[in-house]
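Next comes protein-v6.cif, a file with mmCIF, C-alpha atoms.
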```
data_query
#
loop_
_atom_site.label_atom_id
_atom_site.label_comp_id
_atom_site.auth_asym_id
_atom_site.auth_seq_id
_atom_site.Cartn_x
_atom_site.Cartn_y
_atom_site.Cartn_z
CA MET O 1 123.32 85.02 108.93
CA LEU O 2 122.39 86.31 105.50
CA SER O 3 123.34 85.85 101.89
CA LEU O 4 125.37 88.62 100.31
CA ASP O 5 124.00 88.23 96.77
CA MET O 6 123.53 91.93 96.13
CA PRO O 7 120.78 93.04 93.71
CA LYS O 8 121.51 95.29 90.80
CA SER O 9 120.95 99.00 91.15
CA PRO O 10 117.51 100.08 89.91
CA SER O 11 116.69 102.40 87.06
CA SER O 12 116.00 106.05 87.74
CA HIS O 13 112.25 105.59 87.96
CA ASP O 14 112.43 102.91 90.66
CA ILE O 15 109.91 103.39 93.44
CA GLY O 16 112.58 103.10 96.13
CA GLN O 17 114.20 106.44 95.30
CA ALA O 18 111.48 108.38 97.13
CA SER O 19 110.88 105.88 99.95
CA ARG O 20 111.98 106.16 103.58
CA ILE O 21 112.66 103.03 105.60
CA LEU O 22 113.18 102.51 109.33
CA VAL O 23 115.34 99.46 110.13
CA VAL O 24 114.94 98.17 113.70
CA GLU O 25 117.57 95.43 114.22
CA ASP O 26 119.84 94.74 117.20
CA GLU O 27 122.44 92.63 115.37
CA ASP O 28 125.10 95.08 114.18
CA LEU O 29 126.24 93.10 111.12
CA ILE O 30 122.73 92.54 109.79
CA ARG O 31 121.74 96.15 110.47
CA GLU O 32 124.80 97.47 108.65
CA MET O 33 124.26 95.15 105.69
CA LEU O 34 120.63 96.23 105.44
CA VAL O 35 121.64 99.89 105.43
CA VAL O 36 124.25 99.37 102.70
CA SER O 37 121.92 97.32 100.48
CA LEU O 38 118.89 99.57 100.90
CA GLU O 39 120.84 102.76 100.31
CA GLU O 40 122.37 101.26 97.16
CA GLU O 41 118.78 100.77 95.97
CA GLY O 42 118.07 104.48 96.51
CA TYR O 43 116.11 104.24 99.76
CA LYS O 44 116.56 106.66 102.65
CA VAL O 45 117.35 104.61 105.75
CA VAL O 46 117.18 105.35 109.48
CA THR O 47 118.16 102.71 112.06
CA ALA O 48 117.42 101.77 115.66
CA ALA O 49 119.28 99.03 117.58
CA ASP O 50 116.56 98.33 120.15
CA GLY O 51 112.82 98.61 120.56
CA ARG O 52 112.80 101.48 123.05
CA THR O 53 114.95 103.65 120.78
CA ALA O 54 112.66 102.89 117.87
CA LEU O 55 109.57 103.68 119.94
CA THR O 56 111.03 106.96 121.19
CA PHE O 57 112.09 107.91 117.68
CA LEU O 58 108.64 107.20 116.24
CA GLN O 59 106.85 109.13 118.99
CA ASN O 60 109.16 112.15 118.63
CA ALA O 61 108.91 112.06 114.84
CA GLU O 62 105.12 112.15 114.95
CA LEU O 63 105.21 115.19 117.19
CA THR O 64 107.33 117.19 114.74
CA THR O 65 105.60 116.35 111.45
CA ASN O 66 102.04 116.21 110.19
CA GLU O 67 102.60 112.88 108.49
CA PHE O 68 104.27 109.62 109.42
CA PRO O 69 107.94 109.93 108.43
CA PHE O 70 108.43 106.39 107.05
CA ASP O 71 107.05 104.44 104.13
CA LEU O 72 108.19 101.05 105.46
CA ILE O 73 109.52 99.51 108.70
CA ILE O 74 111.84 96.49 108.70
CA LEU O 75 111.44 95.05 112.17
CA ASP O 76 113.27 92.34 114.09
CA LEU O 77 111.18 90.49 116.67
CA MET O 78 113.72 89.68 119.37
CA LEU O 79 114.75 93.19 120.39
CA PRO O 80 116.11 94.46 123.71
CA GLN O 81 113.74 96.45 125.98
CA VAL O 82 110.66 96.53 123.71
CA ASN O 83 110.14 93.56 121.39
CA GLY O 84 109.07 93.77 117.78
CA LEU O 85 105.63 92.27 118.33
CA ASP O 86 104.75 94.97 120.87
CA LEU O 87 106.01 97.69 118.50
CA CYS O 88 103.92 96.34 115.64
CA ARG O 89 100.89 95.91 117.88
CA LEU O 90 101.21 99.50 119.09
CA LEU O 91 101.44 100.89 115.57
CA ARG O 92 98.26 99.09 114.53
CA HIS O 93 96.47 100.08 117.74
CA GLN O 94 97.20 103.69 116.83
CA GLY O 95 95.74 103.10 113.36
CA ASN O 96 99.08 103.53 111.60
CA PRO O 97 98.97 101.69 108.23
CA VAL O 98 102.73 101.84 107.50
CA PRO O 99 103.85 98.51 105.95
CA VAL O 100 105.85 96.36 108.37
CA LEU O 101 108.25 93.63 107.21
CA ILE O 102 109.30 91.35 110.06
CA VAL O 103 112.81 89.89 109.89
CA SER O 104 113.28 87.18 112.49
CA ALA O 105 115.24 84.06 113.42
CA LYS O 106 111.95 82.55 114.63
CA ASP O 107 110.89 80.37 111.73
CA SER O 108 108.01 78.26 113.05
CA GLU O 109 104.54 78.53 111.54
CA THR O 110 103.21 79.74 114.89
CA ASP O 111 105.71 82.61 114.97
CA ARG O 112 104.91 83.66 111.40
CA VAL O 113 101.16 83.53 112.02
CA LEU O 114 101.52 85.53 115.24
CA GLY O 115 103.60 88.18 113.49
CA LEU O 116 101.01 88.57 110.76
CA GLU O 117 98.11 88.56 113.20
CA VAL O 118 99.49 91.48 115.22
CA GLY O 119 99.60 93.54 112.03
CA ALA O 120 102.79 92.80 110.06
CA ASP O 121 102.40 92.80 106.28
CA ASP O 122 105.15 90.28 105.53
CA TYR O 123 107.56 87.96 107.36
CA ILE O 124 111.00 86.74 106.31
CA THR O 125 113.23 84.44 108.35
CA LYS O 126 116.98 84.56 108.98
CA PRO O 127 119.19 83.69 107.20
CA PHE O 128 117.71 85.42 104.17
CA SER O 129 118.76 86.49 100.70
CA MET O 130 119.27 90.23 100.37
CA ARG O 131 117.80 90.06 96.88
CA GLU O 132 114.61 88.52 98.25
CA LEU O 133 114.36 91.11 101.01
CA ILE O 134 114.72 93.96 98.50
CA ALA O 135 112.02 92.38 96.32
CA ARG O 136 109.67 92.12 99.30
CA CYS O 137 110.33 95.76 100.20
CA ARG O 138 109.48 96.82 96.67
CA ALA O 139 106.28 94.79 96.71
CA LEU O 140 105.12 96.29 100.02
CA LEU O 141 105.92 99.84 98.90
CA ARG O 142 104.18 99.29 95.58
CA ARG O 143 101.09 97.94 97.35
CA GLN O 144 101.07 100.89 99.74
CA ARG O 145 101.48 103.36 96.90
CA MET O 146 98.61 101.87 94.93
CA GLY O 147 96.45 101.86 98.07
CA ASP O 148 97.10 105.57 98.56
CA TRP O 149 96.05 106.24 94.98
CA LEU O 150 92.84 104.22 95.37
CA GLN O 151 91.81 106.45 98.28
CA GLN O 152 91.68 109.37 95.85
CA SER O 153 89.19 109.96 93.03
CA VAL O 154 90.80 107.80 90.35
CA LEU O 155 90.03 105.62 87.37
CA GLN O 156 91.26 102.04 87.42
CA TYR O 157 91.24 99.26 84.86
CA LYS O 158 93.08 96.06 85.77
CA ASP O 159 96.61 97.21 86.68
CA ILE O 160 96.32 100.76 85.27
CA ILE O 161 95.41 103.57 87.69
CA LEU O 162 94.81 107.14 86.53
CA SER O 163 94.51 110.15 88.84
CA SER O 164 92.85 113.05 87.06
CA GLN O 165 93.57 115.50 89.87
CA GLU O 166 97.32 114.82 89.84
CA CYS O 167 97.56 114.04 86.10
CA ARG O 168 99.48 110.86 86.94
CA VAL O 169 99.24 107.26 85.79
CA LEU O 170 100.44 104.04 87.42
CA VAL O 171 101.01 101.01 85.20
CA ARG O 172 101.65 97.78 87.11
CA GLY O 173 102.74 99.83 90.10
CA GLU O 174 105.19 102.04 88.19
CA GLU O 175 104.54 105.63 87.20
CA ALA O 176 104.19 106.21 83.45
CA SER O 177 105.28 109.48 81.84
CA LEU O 178 102.55 110.58 79.42
CA SER O 179 102.25 113.68 77.28
CA PRO O 180 99.11 115.81 77.80
CA LYS O 181 97.43 114.35 74.69
CA GLU O 182 98.34 110.79 75.69
CA PHE O 183 96.95 111.41 79.17
CA ARG O 184 93.70 112.87 77.79
CA LEU O 185 93.31 109.91 75.42
CA LEU O 186 93.80 107.42 78.22
CA GLU O 187 91.45 109.31 80.52
CA LEU O 188 88.77 109.28 77.83
CA PHE O 189 89.26 105.57 77.13
CA MET O 190 89.15 104.63 80.83
CA SER O 191 86.04 106.76 81.41
CA TYR O 192 84.17 104.77 78.76
CA PRO O 193 85.61 101.24 78.73
CA ARG O 194 84.69 99.06 75.73
CA ARG O 195 83.14 101.99 73.84
CA VAL O 196 84.37 102.18 70.25
CA TRP O 197 85.71 105.59 69.23
CA SER O 198 86.30 106.67 65.65
CA ARG O 199 89.37 108.74 64.84
CA GLU O 200 87.13 111.74 64.19
CA GLN O 201 85.47 111.39 67.59
CA LEU O 202 88.85 111.14 69.33
CA ILE O 203 90.07 114.22 67.48
CA ASP O 204 86.97 116.14 68.59
CA GLN O 205 87.26 115.03 72.24
CA VAL O 206 91.02 115.33 72.72
CA TRP O 207 92.31 117.83 70.14
CA GLY O 208 89.13 119.90 69.83
CA ALA O 209 86.87 120.91 66.98
CA ASP O 210 89.40 123.52 65.80
CA PHE O 211 92.07 120.90 65.06
CA VAL O 212 93.53 121.17 61.57
CA GLY O 213 95.51 118.17 60.41
CA ASP O 214 95.46 114.51 59.49
CA THR O 215 93.41 112.06 61.56
CA LYS O 216 96.43 109.75 61.39
CA THR O 217 97.81 111.77 64.30
CA VAL O 218 95.43 109.65 66.38
CA ASP O 219 97.18 106.47 65.21
CA VAL O 220 100.57 107.93 66.12
CA HIS O 221 99.45 108.85 69.64
CA ILE O 222 97.79 105.45 70.09
CA ARG O 223 101.08 103.78 69.15
CA TRP O 224 103.00 105.91 71.65
CA LEU O 225 100.41 105.18 74.33
CA ARG O 226 100.58 101.45 73.72
CA GLU O 227 104.35 101.53 74.08
CA LYS O 228 103.90 102.95 77.59
CA LEU O 229 100.98 100.78 78.69
CA GLU O 230 101.17 97.40 77.01
CA ARG O 231 103.41 94.51 77.94
CA ASP O 232 103.56 93.71 74.23
CA PRO O 233 102.52 96.69 72.06
CA GLY O 234 102.23 94.33 69.09
CA GLN O 235 99.57 92.33 70.94
CA PRO O 236 97.69 95.02 72.90
CA GLU O 237 95.39 94.02 75.76
CA TYR O 238 94.17 97.52 76.65
CA ILE O 239 93.79 99.69 73.53
CA ILE O 240 92.21 97.49 70.88
CA THR O 241 91.90 98.31 67.19
CA VAL O 242 88.37 97.75 65.87
CA ARG O 243 88.97 97.46 62.14
CA GLY O 244 86.79 99.72 60.05
CA PHE O 245 85.59 101.68 63.08
CA GLY O 246 88.41 102.94 65.33
CA TYR O 247 89.60 102.02 68.84
CA ARG O 248 88.21 100.79 72.13
CA PHE O 249 89.67 100.34 75.60
CA GLY O 250 89.46 96.91 77.23
#
```
Let me see whether you can do it: turn the structure in this file into structure tokens.
Amino acid sequence: MLSLDMPKSPSSHDIGQASRILVVEDEDLIREMLVVSLEEEGYKVVTAADGRTALTFLQNAELTTNEFPFDLIILDLMLPQVNGLDLCRLLRHQGNPVPVLIVSAKDSETDRVLGLEVGADDYITKPFSMRELIARCRALLRRQRMGDWLQQSVLQYKDIILSSQECRVLVRGEEASLSPKEFRLLELFMSYPRRVWSREQLIDQVWGADFVGDTKTVDVHIRWLREKLERDPGQPEYIITVRGFGYRFG
């Protein structure tokens, strides 16, 4: 029913390591393969073999925690007792925004449209490639994570999101590890896009008026920042050098 081309294990910063997934699938082989593949990717996985078990589990879980316990649900449509469409419809009726990936043998356009219309975020048909399913899970989790960030007070420029309250930065959906000075530089740049800053102005804003040292420290920190933000640090698209003046963002 599915291809066994297993994806490579992710690096330590992969988004899946902190994500919790509920797999609702009545076919034992597919359910077991999903568990093995997802756990190898670093996800925490809980399973249900029928719709009523999944529904009971979700209702009980919500009673014992202040937040929804899953970051993603992988949901078969043709389930015993309570079908996948009704589960998805109920979640959306309750206002639950958890991403739902439908996995189904129903492959007609009508079935896919119906699944998406009742609130699913994505739809993949059986047989499927495990590598493709993992990629779709990552995309849904990344989208959800970025949506959560956008609900906070944040700065965003293209695919860079900065949260001042949490001192965190997302670059193309992945968290970037910045030093305090790098973070302050980026925050300043993103607060005033396209403004040109001289090295002296950046020193004053980020290091403070009491800084004693060479202004070339700015160039060093800009280089480090580009290495963490730019696809090609040699051809930067975010932090631009304005020759004879300094730097600008965007």
Nearest to Ile160 (chain O), restricted to all atoms listed in the file and choosing among O:Leu114, O:Leu202, O:Val46, O:Leu229, comes out as O:Leu229
Of O:Gly173, O:Gly213, O:Pro127, O:Gly119, the one nearest to Arg142 (chain O) when counting all atoms listed in the file is O:Gly173
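With only C-alpha atoms as the basis for measurement, O:Asp71 is the residue among O:Asp71, O:Asp122, O:Asp28, O:Glu39 that approaches Arg145 (chain O) most closely.
Running the PyMOL selection byres ((chain O and resi 193) around 8) on this file leaves Phe189, Met190, Ser191, Tyr192, Arg194, Arg195, Arg248, Phe249 and Gly250 of chain O selected.
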Test item: residues at most 10 Å from Leu75 (chain O), only C-alpha atoms, excluding those fewer than 2 positions along its chain, as a PDB file with C-alpha atoms, keeping the file's coordinate frame:
```pdb
ATOM      1  CA  LEU O  22     113.180 102.510 109.330  1.00  0.00           C
ATOM      2  CA  VAL O  23     115.340  99.460 110.130  1.00  0.00           C
ATOM      3  CA  VAL O  24     114.940  98.170 113.700  1.00  0.00           C
ATOM      4  CA  GLU O  25     117.570  95.430 114.220  1.00  0.00           C
ATOM      5  CA  ASP O  26     119.840  94.740 117.200  1.00  0.00           C
ATOM      6  CA  ALA O  48     117.420 101.770 115.660  1.00  0.00           C
ATOM      7  CA  GLY O  51     112.820  98.610 120.560  1.00  0.00           C
ATOM      8  CA  ALA O  54     112.660 102.890 117.870  1.00  0.00           C
ATOM      9  CA  LEU O  72     108.190 101.050 105.460  1.00  0.00           C
ATOM     10  CA  ILE O  73     109.520  99.510 108.700  1.00  0.00           C
ATOM     11  CA  LEU O  77     111.180  90.490 116.670  1.00  0.00           C
ATOM     12  CA  MET O  78     113.720  89.680 119.370  1.00  0.00           C
ATOM     13  CA  LEU O  79     114.750  93.190 120.390  1.00  0.00           C
ATOM     14  CA  ASN O  83     110.140  93.560 121.390  1.00  0.00           C
ATOM     15  CA  GLY O  84     109.070  93.770 117.780  1.00  0.00           C
ATOM     16  CA  LEU O  85     105.630  92.270 118.330  1.00  0.00           C
ATOM     17  CA  LEU O  87     106.010  97.690 118.500  1.00  0.00           C
ATOM     18  CA  CYS O  88     103.920  96.340 115.640  1.00  0.00           C
ATOM     19  CA  VAL O 100     105.850  96.360 108.370  1.00  0.00           C
ATOM     20  CA  LEU O 101     108.250  93.630 107.210  1.00  0.00           C
ATOM     21  CA  ILE O 102     109.300  91.350 110.060  1.00  0.00           C
ATOM     22  CA  VAL O 103     112.810  89.890 109.890  1.00  0.00           C
ATOM     23  CA  SER O 104     113.280  87.180 112.490  1.00  0.00           C
ATOM     24  CA  ALA O 120     102.790  92.800 110.060  1.00  0.00           C
ATOM     25  CA  TYR O 123     107.560  87.960 107.360  1.00  0.00           C
TER      26      TYR O 123
END
```
Correct to one decimal, the distance CA of Phe70 (chain O)-CA of Ile21 (chain O) is 5.6 Å
How would you write, as a ChimeraX atom specification, the residues chosen by the PyMOL selection byres ((chain O and resi 186) around 12) on this structure?
-> /O:155-157,160-164,167-171,176,178-185,187-193,202,205-206,221-222,224-226,228-229,238-239,247-250
Include C-alpha atoms and write out the residues we just selected as a compact mmCIF listing (two decimals), in the frame of the given file.
```txt
# COMPACT_ATOMS: atom_id res chain seq x y z
CA LEU O 155 90.03 105.62 87.37
CA GLN O 156 91.26 102.04 87.42
CA TYR O 157 91.24 99.26 84.86
CA ILE O 160 96.32 100.76 85.27
CA ILE O 161 95.41 103.57 87.69
CA LEU O 162 94.81 107.14 86.53
CA SER O 163 94.51 110.15 88.84
CA SER O 164 92.85 113.05 87.06
CA CYS O 167 97.56 114.04 86.10
CA ARG O 168 99.48 110.86 86.94
CA VAL O 169 99.24 107.26 85.79
CA LEU O 170 100.44 104.04 87.42
CA VAL O 171 101.01 101.01 85.20
CA ALA O 176 104.19 106.21 83.45
CA LEU O 178 102.55 110.58 79.42
CA SER O 179 102.25 113.68 77.28
CA PRO O 180 99.11 115.81 77.80
CA LYS O 181 97.43 114.35 74.69
CA GLU O 182 98.34 110.79 75.69
CA PHE O 183 96.95 111.41 79.17
CA ARG O 184 93.70 112.87 77.79
CA LEU O 185 93.31 109.91 75.42
CA GLU O 187 91.45 109.31 80.52
CA LEU O 188 88.77 109.28 77.83
CA PHE O 189 89.26 105.57 77.13
CA MET O 190 89.15 104.63 80.83
CA SER O 191 86.04 106.76 81.41
CA TYR O 192 84.17 104.77 78.76
CA PRO O 193 85.61 101.24 78.73
CA LEU O 202 88.85 111.14 69.33
CA GLN O 205 87.26 115.03 72.24
CA VAL O 206 91.02 115.33 72.72
CA HIS O 221 99.45 108.85 69.64
CA ILE O 222 97.79 105.45 70.09
CA TRP O 224 103.00 105.91 71.65
CA LEU O 225 100.41 105.18 74.33
CA ARG O 226 100.58 101.45 73.72
CA LYS O 228 103.90 102.95 77.59
CA LEU O 229 100.98 100.78 78.69
CA TYR O 238 94.17 97.52 76.65
CA ILE O 239 93.79 99.69 73.53
CA TYR O 247 89.60 102.02 68.84
CA ARG O 248 88.21 100.79 72.13
CA PHE O 249 89.67 100.34 75.60
CA GLY O 250 89.46 96.91 77.23
```
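Each of O:Met130, O:Val196, O:Glu237, O:Phe211 was compared to Asp159 (chain O) using all atoms listed in the file, and O:Glu237 turns out to be the nearest.
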With distances taken over only C-alpha atoms, the candidate from O:Glu166, O:Arg138, O:Asp232, O:Arg89 nearest Leu116 (chain O) is O:Arg89
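Within 10 Å of Gly246 (chain O), once only C-alpha atoms are used and residues closer than 2 positions along the same chain are dropped, the contacting residues are Val196, Trp197, Ser198, Arg199, Glu200, Gln201, Leu202, Val218, Asp219, Ile240, Thr241, Val242, Arg243, Gly244 and Arg248 of chain O.
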Counting only C-alpha atoms, closest pick from O:Thr110, O:Asp76, O:Thr217, O:Leu58 relative to Gln94 (chain O) is O:Leu58
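Atom to atom, CA of Leu91 (chain O) and CA of Glu174 (chain O) stand 27.7 Å apart.
A straight line drawn from CA of Thr125 (chain O) to CA of Asp111 (chain O) is 10.2 Å long.
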Determine the residue membership of the PyMOL selection byres ((chain O and resi 38) around 12) for the file above and supply it as a PyMOL selection string.
chain O and resi 6-10+16-17+19-23+30-37+39-47+72+74+130-131+133-138
Please return region 159-193 of chain O, rebuilt to N, CA and C atoms, as a PDB file, keeping the file's coordinate frame.
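Written file, part_39.pdb:
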```
ATOM      1  N   ASP O 159      95.448  96.689  85.944  1.00  0.00           N
ATOM      2  CA  ASP O 159      96.610  97.210  86.680  1.00  0.00           C
ATOM      3  C   ASP O 159      97.032  98.591  86.193  1.00  0.00           C
ATOM      4  N   ILE O 160      96.074  99.361  85.628  1.00  0.00           N
ATOM      5  CA  ILE O 160      96.320 100.760  85.270  1.00  0.00           C
ATOM      6  C   ILE O 160      95.475 101.645  86.174  1.00  0.00           C
ATOM      7  N   ILE O 161      96.105 102.625  86.817  1.00  0.00           N
ATOM      8  CA  ILE O 161      95.410 103.570  87.690  1.00  0.00           C
ATOM      9  C   ILE O 161      95.712 104.977  87.200  1.00  0.00           C
ATOM     10  N   LEU O 162      94.668 105.772  87.023  1.00  0.00           N
ATOM     11  CA  LEU O 162      94.810 107.140  86.530  1.00  0.00           C
ATOM     12  C   LEU O 162      94.202 108.105  87.534  1.00  0.00           C
ATOM     13  N   SER O 163      94.987 109.092  87.949  1.00  0.00           N
ATOM     14  CA  SER O 163      94.510 110.150  88.840  1.00  0.00           C
ATOM     15  C   SER O 163      94.346 111.426  88.031  1.00  0.00           C
ATOM     16  N   SER O 164      93.103 111.836  87.839  1.00  0.00           N
ATOM     17  CA  SER O 164      92.850 113.050  87.060  1.00  0.00           C
ATOM     18  C   SER O 164      93.333 114.287  87.777  1.00  0.00           C
ATOM     19  N   GLN O 165      93.175 114.311  89.107  1.00  0.00           N
ATOM     20  CA  GLN O 165      93.570 115.500  89.870  1.00  0.00           C
ATOM     21  C   GLN O 165      95.069 115.741  89.792  1.00  0.00           C
ATOM     22  N   GLU O 166      95.865 114.673  89.839  1.00  0.00           N
ATOM     23  CA  GLU O 166      97.320 114.820  89.840  1.00  0.00           C
ATOM     24  C   GLU O 166      97.924 114.645  88.445  1.00  0.00           C
ATOM     25  N   CYS O 167      97.073 114.293  87.459  1.00  0.00           N
ATOM     26  CA  CYS O 167      97.560 114.040  86.100  1.00  0.00           C
ATOM     27  C   CYS O 167      98.702 113.024  86.122  1.00  0.00           C
ATOM     28  N   ARG O 168      98.470 111.910  86.815  1.00  0.00           N
ATOM     29  CA  ARG O 168      99.480 110.860  86.940  1.00  0.00           C
ATOM     30  C   ARG O 168      98.852 109.511  86.638  1.00  0.00           C
ATOM     31  N   VAL O 169      99.691 108.603  86.160  1.00  0.00           N
ATOM     32  CA  VAL O 169      99.240 107.260  85.790  1.00  0.00           C
ATOM     33  C   VAL O 169     100.210 106.232  86.352  1.00  0.00           C
ATOM     34  N   LEU O 170      99.650 105.192  86.973  1.00  0.00           N
ATOM     35  CA  LEU O 170     100.440 104.040  87.420  1.00  0.00           C
ATOM     36  C   LEU O 170     100.125 102.858  86.526  1.00  0.00           C
ATOM     37  N   VAL O 171     101.159 102.211  86.018  1.00  0.00           N
ATOM     38  CA  VAL O 171     101.010 101.010  85.200  1.00  0.00           C
ATOM     39  C   VAL O 171     101.779  99.886  85.885  1.00  0.00           C
ATOM     40  N   ARG O 172     101.042  98.894  86.371  1.00  0.00           N
ATOM     41  CA  ARG O 172     101.650  97.780  87.110  1.00  0.00           C
ATOM     42  C   ARG O 172     102.535  98.282  88.249  1.00  0.00           C
ATOM     43  N   GLY O 173     102.046  99.314  88.942  1.00  0.00           N
ATOM     44  CA  GLY O 173     102.740  99.830  90.100  1.00  0.00           C
ATOM     45  C   GLY O 173     103.821 100.853  89.827  1.00  0.00           C
ATOM     46  N   GLU O 174     104.144 101.080  88.556  1.00  0.00           N
ATOM     47  CA  GLU O 174     105.190 102.040  88.190  1.00  0.00           C
ATOM     48  C   GLU O 174     104.564 103.255  87.506  1.00  0.00           C
ATOM     49  N   GLU O 175     105.099 104.426  87.795  1.00  0.00           N
ATOM     50  CA  GLU O 175     104.540 105.630  87.200  1.00  0.00           C
ATOM     51  C   GLU O 175     104.946 105.747  85.736  1.00  0.00           C
ATOM     52  N   ALA O 176     103.960 106.040  84.877  1.00  0.00           N
ATOM     53  CA  ALA O 176     104.190 106.210  83.450  1.00  0.00           C
ATOM     54  C   ALA O 176     104.230 107.700  83.109  1.00  0.00           C
ATOM     55  N   SER O 177     105.148 108.081  82.254  1.00  0.00           N
ATOM     56  CA  SER O 177     105.280 109.480  81.840  1.00  0.00           C
ATOM     57  C   SER O 177     104.528 109.676  80.529  1.00  0.00           C
ATOM     58  N   LEU O 178     103.391 110.359  80.595  1.00  0.00           N
ATOM     59  CA  LEU O 178     102.550 110.580  79.420  1.00  0.00           C
ATOM     60  C   LEU O 178     102.529 112.056  79.047  1.00  0.00           C
ATOM     61  N   SER O 179     102.448 112.306  77.755  1.00  0.00           N
ATOM     62  CA  SER O 179     102.250 113.680  77.280  1.00  0.00           C
ATOM     63  C   SER O 179     100.812 114.085  77.573  1.00  0.00           C
ATOM     64  N   PRO O 180     100.491 115.386  77.533  1.00  0.00           N
ATOM     65  CA  PRO O 180      99.110 115.810  77.800  1.00  0.00           C
ATOM     66  C   PRO O 180      98.086 115.144  76.891  1.00  0.00           C
ATOM     67  N   LYS O 181      98.389 115.000  75.601  1.00  0.00           N
ATOM     68  CA  LYS O 181      97.430 114.350  74.690  1.00  0.00           C
ATOM     69  C   LYS O 181      97.303 112.868  75.012  1.00  0.00           C
ATOM     70  N   GLU O 182      98.400 112.209  75.322  1.00  0.00           N
ATOM     71  CA  GLU O 182      98.340 110.790  75.690  1.00  0.00           C
ATOM     72  C   GLU O 182      97.506 110.606  76.959  1.00  0.00           C
ATOM     73  N   PHE O 183      97.705 111.498  77.925  1.00  0.00           N
ATOM     74  CA  PHE O 183      96.950 111.410  79.170  1.00  0.00           C
ATOM     75  C   PHE O 183      95.458 111.604  78.897  1.00  0.00           C
ATOM     76  N   ARG O 184      95.120 112.598  78.083  1.00  0.00           N
ATOM     77  CA  ARG O 184      93.700 112.870  77.790  1.00  0.00           C
ATOM     78  C   ARG O 184      93.075 111.691  77.043  1.00  0.00           C
ATOM     79  N   LEU O 185      93.818 111.086  76.117  1.00  0.00           N
ATOM     80  CA  LEU O 185      93.310 109.910  75.420  1.00  0.00           C
ATOM     81  C   LEU O 185      93.015 108.777  76.399  1.00  0.00           C
ATOM     82  N   LEU O 186      93.976 108.508  77.262  1.00  0.00           N
ATOM     83  CA  LEU O 186      93.800 107.420  78.220  1.00  0.00           C
ATOM     84  C   LEU O 186      92.647 107.700  79.171  1.00  0.00           C
ATOM     85  N   GLU O 187      92.548 108.939  79.624  1.00  0.00           N
ATOM     86  CA  GLU O 187      91.450 109.310  80.520  1.00  0.00           C
ATOM     87  C   GLU O 187      90.101 109.092  79.841  1.00  0.00           C
ATOM     88  N   LEU O 188      90.006 109.475  78.583  1.00  0.00           N
ATOM     89  CA  LEU O 188      88.770 109.280  77.830  1.00  0.00           C
ATOM     90  C   LEU O 188      88.459 107.798  77.671  1.00  0.00           C
ATOM     91  N   PHE O 189      89.457 107.014  77.296  1.00  0.00           N
ATOM     92  CA  PHE O 189      89.260 105.570  77.130  1.00  0.00           C
ATOM     93  C   PHE O 189      88.795 104.930  78.446  1.00  0.00           C
ATOM     94  N   MET O 190      89.467 105.269  79.557  1.00  0.00           N
ATOM     95  CA  MET O 190      89.150 104.630  80.830  1.00  0.00           C
ATOM     96  C   MET O 190      87.807 105.091  81.388  1.00  0.00           C
ATOM     97  N   SER O 191      87.351 106.273  80.971  1.00  0.00           N
ATOM     98  CA  SER O 191      86.040 106.760  81.410  1.00  0.00           C
ATOM     99  C   SER O 191      84.904 106.025  80.713  1.00  0.00           C
ATOM    100  N   TYR O 192      85.192 105.471  79.535  1.00  0.00           N
ATOM    101  CA  TYR O 192      84.170 104.770  78.760  1.00  0.00           C
ATOM    102  C   TYR O 192      84.731 103.436  78.253  1.00  0.00           C
ATOM    103  N   PRO O 193      85.017 102.507  79.157  1.00  0.00           N
ATOM    104  CA  PRO O 193      85.610 101.240  78.730  1.00  0.00           C
ATOM    105  C   PRO O 193      84.692 100.485  77.769  1.00  0.00           C
TER     106      PRO O 193
END
```
